[in-house]
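The file run32.cif comes next; it holds mmCIF, C-alpha atoms, pLDDT in the B column; chains and numbers go by the auth columns.
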data_run
#
loop_
_atom_site.group_PDB
_atom_site.id
_atom_site.type_symbol
_atom_site.label_atom_id
_atom_site.label_comp_id
_atom_site.label_asym_id
_atom_site.label_seq_id
_atom_site.Cartn_x
_atom_site.Cartn_y
_atom_site.Cartn_z
_atom_site.B_iso_or_equiv
_atom_site.auth_seq_id
_atom_site.auth_asym_id
ATOM 1 C CA MET A 1 -9.395 53.943 -0.596 81.00 1 A
ATOM 2 C CA THR A 2 -8.173 56.891 1.444 86.00 2 A
ATOM 3 C CA THR A 3 -10.469 55.909 4.307 89.00 3 A
ATOM 4 C CA LEU A 4 -8.973 52.408 4.346 90.00 4 A
ATOM 5 C CA PHE A 5 -5.441 53.804 4.622 91.00 5 A
ATOM 6 C CA ILE A 6 -6.484 56.202 7.389 92.00 6 A
ATOM 7 C CA ILE A 7 -8.014 53.330 9.370 94.00 7 A
ATOM 8 C CA LEU A 8 -4.884 51.215 8.839 94.00 8 A
ATOM 9 C CA ILE A 9 -2.621 54.076 9.934 94.00 9 A
ATOM 10 C CA ILE A 10 -4.633 54.604 13.125 96.00 10 A
ATOM 11 C CA LEU A 11 -4.655 50.870 13.890 96.00 11 A
ATOM 12 C CA VAL A 12 -0.912 50.483 13.292 95.00 12 A
ATOM 13 C CA SER A 13 -0.203 53.584 15.393 95.00 13 A
ATOM 14 C CA VAL A 14 -2.169 52.265 18.362 96.00 14 A
ATOM 15 C CA ILE A 15 -0.514 48.840 18.182 95.00 15 A
ATOM 16 C CA LEU A 16 2.914 50.458 17.776 94.00 16 A
ATOM 17 C CA ALA A 17 2.327 52.633 20.837 94.00 17 A
ATOM 18 C CA PHE A 18 1.357 49.504 22.794 92.00 18 A
ATOM 19 C CA PHE A 19 4.503 47.680 21.679 91.00 19 A
ATOM 20 C CA VAL A 20 6.725 50.609 22.607 89.00 20 A
ATOM 21 C CA LEU A 21 5.103 51.097 26.010 90.00 21 A
ATOM 22 C CA ILE A 22 5.445 47.474 27.087 88.00 22 A
ATOM 23 C CA GLN A 23 9.153 47.446 26.266 82.00 23 A
ATOM 24 C CA ASN A 24 11.655 48.433 28.894 72.00 24 A
ATOM 25 C CA PRO A 25 14.927 49.839 27.560 69.00 25 A
ATOM 26 C CA LYS A 26 16.859 47.862 30.194 64.00 26 A
ATOM 27 C CA GLY A 27 15.329 44.548 29.148 54.00 27 A
ATOM 28 C CA GLY A 28 12.845 44.233 31.981 56.00 28 A
ATOM 29 C CA GLY A 29 9.528 45.121 30.254 57.00 29 A
ATOM 30 C CA LEU A 30 7.162 42.285 29.448 60.00 30 A
ATOM 31 C CA SER A 31 9.917 39.700 29.707 55.00 31 A
ATOM 32 C CA SER A 32 10.365 40.377 33.445 57.00 32 A
ATOM 33 C CA GLY A 33 6.967 38.836 34.123 57.00 33 A
ATOM 34 C CA PHE A 34 8.168 35.490 32.759 56.00 34 A
ATOM 35 C CA ALA A 35 11.443 35.441 34.712 54.00 35 A
ATOM 36 C CA GLY A 36 10.046 34.144 38.002 52.00 36 A
ATOM 37 C CA GLY A 37 7.686 31.447 36.752 50.00 37 A
ATOM 38 C CA SER A 38 7.982 28.996 33.924 49.00 38 A
ATOM 39 C CA ASN A 39 10.024 30.319 31.015 48.00 39 A
ATOM 40 C CA LEU A 40 7.795 29.306 28.150 50.00 40 A
ATOM 41 C CA MET A 41 8.924 32.050 25.818 50.00 41 A
ATOM 42 C CA GLY A 42 12.183 32.926 27.503 49.00 42 A
ATOM 43 C CA VAL A 43 13.586 36.364 28.171 50.00 43 A
ATOM 44 C CA GLN A 44 15.524 36.719 24.927 54.00 44 A
ATOM 45 C CA ARG A 45 12.716 35.498 22.678 59.00 45 A
ATOM 46 C CA THR A 46 10.198 37.984 24.134 63.00 46 A
ATOM 47 C CA GLY A 47 12.589 40.858 23.477 69.00 47 A
ATOM 48 C CA ASP A 48 13.162 39.651 19.920 81.00 48 A
ATOM 49 C CA PHE A 49 9.419 39.410 19.304 85.00 49 A
ATOM 50 C CA LEU A 50 8.774 42.930 20.593 86.00 50 A
ATOM 51 C CA GLU A 51 11.717 44.370 18.668 87.00 51 A
ATOM 52 C CA LYS A 52 10.762 42.688 15.397 90.00 52 A
ATOM 53 C CA GLY A 53 7.134 43.672 15.909 91.00 53 A
ATOM 54 C CA THR A 54 8.127 47.293 16.523 92.00 54 A
ATOM 55 C CA TRP A 55 10.260 47.456 13.380 92.00 55 A
ATOM 56 C CA THR A 56 7.537 45.768 11.325 94.00 56 A
ATOM 57 C CA LEU A 57 4.907 48.238 12.535 94.00 57 A
ATOM 58 C CA VAL A 58 7.190 51.224 11.903 95.00 58 A
ATOM 59 C CA ILE A 59 7.810 50.057 8.333 95.00 59 A
ATOM 60 C CA ALA A 60 4.079 49.411 7.823 95.00 60 A
ATOM 61 C CA LEU A 61 3.275 52.911 9.108 95.00 61 A
ATOM 62 C CA MET A 62 5.743 54.449 6.654 96.00 62 A
ATOM 63 C CA VAL A 63 4.377 52.403 3.739 95.00 63 A
ATOM 64 C CA PHE A 64 0.770 53.332 4.547 94.00 64 A
ATOM 65 C CA SER A 65 1.701 57.009 4.888 93.00 65 A
ATOM 66 C CA LEU A 66 3.450 56.995 1.514 94.00 66 A
ATOM 67 C CA ALA A 67 0.566 55.084 -0.075 92.00 67 A
ATOM 68 C CA ILE A 68 -2.006 57.591 1.141 91.00 68 A
ATOM 69 C CA ASN A 69 0.064 60.404 -0.365 91.00 69 A
ATOM 70 C CA ILE A 70 0.627 58.646 -3.685 90.00 70 A
ATOM 71 C CA LEU A 71 -2.848 57.183 -4.197 86.00 71 A
ATOM 72 C CA GLY A 72 -4.840 59.988 -2.559 72.00 72 A
ATOM 73 C CA PRO A 73 -6.323 62.894 -4.503 70.00 73 A
ATOM 74 C CA SER A 74 -3.809 65.543 -5.430 65.00 74 A
ATOM 75 C CA SER A 75 -4.329 69.160 -4.445 61.00 75 A
ATOM 76 C CA GLY A 76 -4.736 70.234 -8.085 58.00 76 A
ATOM 77 C CA SER A 77 -7.514 67.772 -8.974 53.00 77 A
ATOM 78 C CA SER A 78 -11.195 68.610 -8.954 52.00 78 A
ATOM 79 C CA ALA A 79 -12.233 65.422 -7.185 52.00 79 A
ATOM 80 C CA GLY A 80 -14.040 67.344 -4.457 51.00 80 A
ATOM 81 C CA GLY A 81 -11.084 67.551 -2.132 51.00 81 A
ATOM 82 C CA LEU A 82 -10.486 70.066 0.595 52.00 82 A
ATOM 83 C CA SER A 83 -9.348 72.732 -1.874 50.00 83 A
ATOM 84 C CA ASN A 84 -12.813 72.783 -3.476 51.00 84 A
ATOM 85 C CA GLN A 85 -14.596 73.127 -0.157 53.00 85 A
ATOM 86 C CA ILE A 86 -12.717 76.223 0.983 59.00 86 A
ATOM 87 C CA GLU A 87 -13.977 79.392 -0.623 60.00 87 A
ATOM 88 C CA ALA A 88 -12.518 82.867 -0.539 60.00 88 A
ATOM 89 C CA PRO A 89 -14.216 85.216 1.923 63.00 89 A
ATOM 90 C CA ALA A 90 -16.731 87.639 0.461 69.00 90 A
ATOM 91 C CA GLN A 91 -15.363 91.081 -0.357 71.00 91 A
ATOM 92 C CA ALA A 92 -16.764 93.923 1.700 67.00 92 A
ATOM 93 C CA PRO A 93 -18.029 96.913 -0.310 66.00 93 A
ATOM 94 C CA ALA A 94 -15.585 99.807 -0.475 70.00 94 A
ATOM 95 C CA LEU A 95 -16.441 102.767 1.719 71.00 95 A
ATOM 96 C CA ASN A 96 -16.451 106.251 0.254 71.00 96 A
ATOM 97 C CA LEU A 97 -15.024 108.403 3.034 75.00 97 A
ATOM 98 C CA ASN A 98 -15.328 111.652 1.002 76.00 98 A
ATOM 99 C CA ALA A 99 -19.130 111.457 0.646 69.00 99 A
ATOM 100 C CA PRO A 100 -21.145 113.787 2.904 71.00 100 A
ATOM 101 C CA ALA A 101 -23.126 112.196 5.728 68.00 101 A
ATOM 102 C CA PRO A 102 -26.897 112.051 5.110 66.00 102 A
ATOM 103 C CA ALA A 103 -29.123 114.325 7.155 69.00 103 A
ATOM 104 C CA GLN A 104 -31.298 112.808 9.805 74.00 104 A
ATOM 105 C CA GLY A 105 -34.342 111.087 8.331 68.00 105 A
ATOM 106 C CA GLN A 106 -32.857 110.856 4.825 65.00 106 A
ATOM 107 C CA GLN A 107 -31.350 107.874 3.149 67.00 107 A
ATOM 108 C CA ALA A 108 -27.904 108.042 1.660 60.00 108 A
ATOM 109 C CA ALA A 109 -27.776 108.282 -2.128 62.00 109 A
ATOM 110 C CA PRO A 110 -25.694 105.648 -3.866 65.00 110 A
ATOM 111 C CA ALA A 111 -22.165 106.798 -4.477 65.00 111 A
ATOM 112 C CA LYS A 112 -21.169 107.490 -8.075 67.00 112 A
ATOM 113 C CA PRO A 113 -17.736 106.339 -9.177 67.00 113 A
ATOM 114 C CA ASP A 114 -15.104 108.993 -9.833 67.00 114 A
ATOM 115 C CA SER A 115 -14.488 108.808 -13.567 64.00 115 A
ATOM 116 C CA ALA A 116 -13.390 112.451 -14.023 60.00 116 A
ATOM 117 C CA LYS A 117 -9.814 111.895 -12.962 56.00 117 A
#

Conversion result in structure tokens:
Amino acid sequence: MTTLFIILIILVSVILAFFVLIQNPKGGGLSSGFAGGSNLMGVQRTGDFLEKGTWTLVIALMVFSLAINILGPSSGSSAGGLSNQIEAPAQAPALNLNAPAPAQGQQAAPAKPDSAK
């Protein structure tokens, strides 16, 4: 279900970007191509179509974004989400800086914990 919403969000975003790029804020965008020849759609109707399409796509993008947040797995669930895949880094062993260095050719003896404090 999440994959479907992600695909829909990407598709709506690409179409929305196309709609925004073909519009000209001064009214000359796509509609200027129809001004010289036959006015099948007309200047005003093309602008209305692009404006309504832009608002429709913006609303659809918001609805899909909210739906993916509502219907998607929550961060507290154990559904195998991202929180279950990230593990804490392994702890490095503590170094005992007070232990004497081993002589050459000898191995270091394991450090005993200080329990006489």

Atom pair CA of Asn69 (chain A) / CA of Ile7 (chain A): separation (Å):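 That distance, rounded to one decimal, is 14.5 Å.
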
Surrounding residues of Ser13 (chain A) excluding itself and chain neighbours under 4 positions, 9 Å, all atoms listed in the file, as a ChimeraX atom specification: /A:8-9,17-18,57-58,61

Atomic distance CA of Leu50 (chain A) - CA of Ser65 (chain A), expressed in Å with one decimal: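 Distance between the two atoms: 22.2 Å.
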